[in-house]
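One structure below.
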Amino acid sequence: SFADANVRPEQTVWYWLEDIDLSGTATLHGPVSATMQTPTAVTLTALDAGSPPVLPPVAAGIVALAVAAGFFLRRNLQSCPIDRVD
């Protein structure tokens with residue numbers, strides 16, 4: 001394939017096409033014309049979401065660790081009563 005970036009809409013261009021067979025023999029075809037039509041619609045070829053933010057999973061992990069540490073600390077403190085002096 002060939003993309004001619006210099007062609008404007010409604011412009012007709014002429015080309016000579018050359019094919020080369022497996023034995024290396026070249027054959028010219030043409031001239032052939034091509035007219036680029038004015039685009040009538042935009043075609044969406046891809047729709048990608050941005051990469052997810054890194055901070056929320058990290059923050060969730062830190063919060064989970066803090067909650068777990070608080071739970072185990074509270075559990076250990078309840079199982080080992082401290083003698084109070086009044």
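As shown in the structure tokens, the chain order sets the letters A, B, ...; within each chain, residues go from 1, and ligands are also counted from 1 in the order they appear.
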**Message:** Neighbouring residues of Gln37 in chain A were defined as those with any atom within 9 Å, considering only C-alpha atoms; residues of the same chain fewer than 2 positions away were excluded. Please report them as number ranges by chain.
**Reply:** A: 8-11, 35, 39-40
Got time to write the residues from that selection, N, CA and C atoms, as a PDB file, in the first residue's frame?
```pdb
ATOM      1  N   ARG A   8      -4.911  16.559  -1.716  1.00  0.00           N
ATOM      2  CA  ARG A   8      -5.999  17.285  -1.053  1.00  0.00           C
ATOM      3  C   ARG A   8      -7.346  16.726  -1.519  1.00  0.00           C
ATOM      4  N   PRO A   9      -8.407  16.932  -0.732  1.00  0.00           N
ATOM      5  CA  PRO A   9      -9.730  16.466  -1.160  1.00  0.00           C
ATOM      6  C   PRO A   9     -10.105  17.034  -2.526  1.00  0.00           C
ATOM      7  N   GLU A  10     -10.754  16.207  -3.325  1.00  0.00           N
ATOM      8  CA  GLU A  10     -11.235  16.521  -4.676  1.00  0.00           C
ATOM      9  C   GLU A  10     -10.098  16.701  -5.687  1.00  0.00           C
ATOM     10  N   GLN A  11      -8.885  16.402  -5.324  1.00  0.00           N
ATOM     11  CA  GLN A  11      -7.750  16.506  -6.242  1.00  0.00           C
ATOM     12  C   GLN A  11      -7.548  15.148  -6.919  1.00  0.00           C
ATOM     13  N   THR A  35      -8.868   9.929  -7.304  1.00  0.00           N
ATOM     14  CA  THR A  35      -9.382  11.189  -6.790  1.00  0.00           C
ATOM     15  C   THR A  35      -9.800  10.974  -5.343  1.00  0.00           C
ATOM     16  N   PRO A  39     -13.810  13.924   3.032  1.00  0.00           N
ATOM     17  CA  PRO A  39     -14.316  13.082   4.123  1.00  0.00           C
ATOM     18  C   PRO A  39     -15.692  13.567   4.582  1.00  0.00           C
ATOM     19  N   THR A  40     -16.602  12.622   4.838  1.00  0.00           N
ATOM     20  CA  THR A  40     -17.949  12.985   5.276  1.00  0.00           C
ATOM     21  C   THR A  40     -18.190  12.647   6.743  1.00  0.00           C
TER      22      THR A  40
END
```
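Residues of range 5-84 of chain A assigned to helix (DSSP H, G or I) by DSSP on this structure's backbone: Leu55, Pro56, Pro57, Val58, Ala59, Ala60, Gly61, Ile62, Val63, Ala64, Leu65, Ala66, Val67, Ala68, Ala69, Gly70, Phe71, Phe72, Leu73, Arg74, Arg75, Asn76, Leu77, Gln78 and Ser79 of chain A.
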**Prompt:** Per DSSP on the backbone, what are the strand (DSSP E) residues of chain A, as a count of residues only?
**Reply:** 19
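Atom pair CA of Met36 in chain A / CA of Leu17 in chain A has a distance of 17.4 Å (rounded to one decimal).
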**Prompt:** Got a sec: who's within 8 Å of Trp14 in chain A, counting only C-alpha atoms, leaving out chain neighbours fewer than 5 positions off, as a ChimeraX atom specification?
**Reply:** /A:31-34
**Request:** For CA of Trp16 in chain A and CA of Phe2 in chain A, quote the distance in Å rounded to one decimal.
**Result:** 12.3 Å
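Counting from CA of Arg74 in chain A, the distance to CA of Gly61 in chain A is 19.9 Å.
You can rank A:Ala69, A:Val13, A:Val7, A:Ile20 by their closest distance to Thr38 in chain A using only C-alpha atoms, and at the top of that list sits A:Val7.
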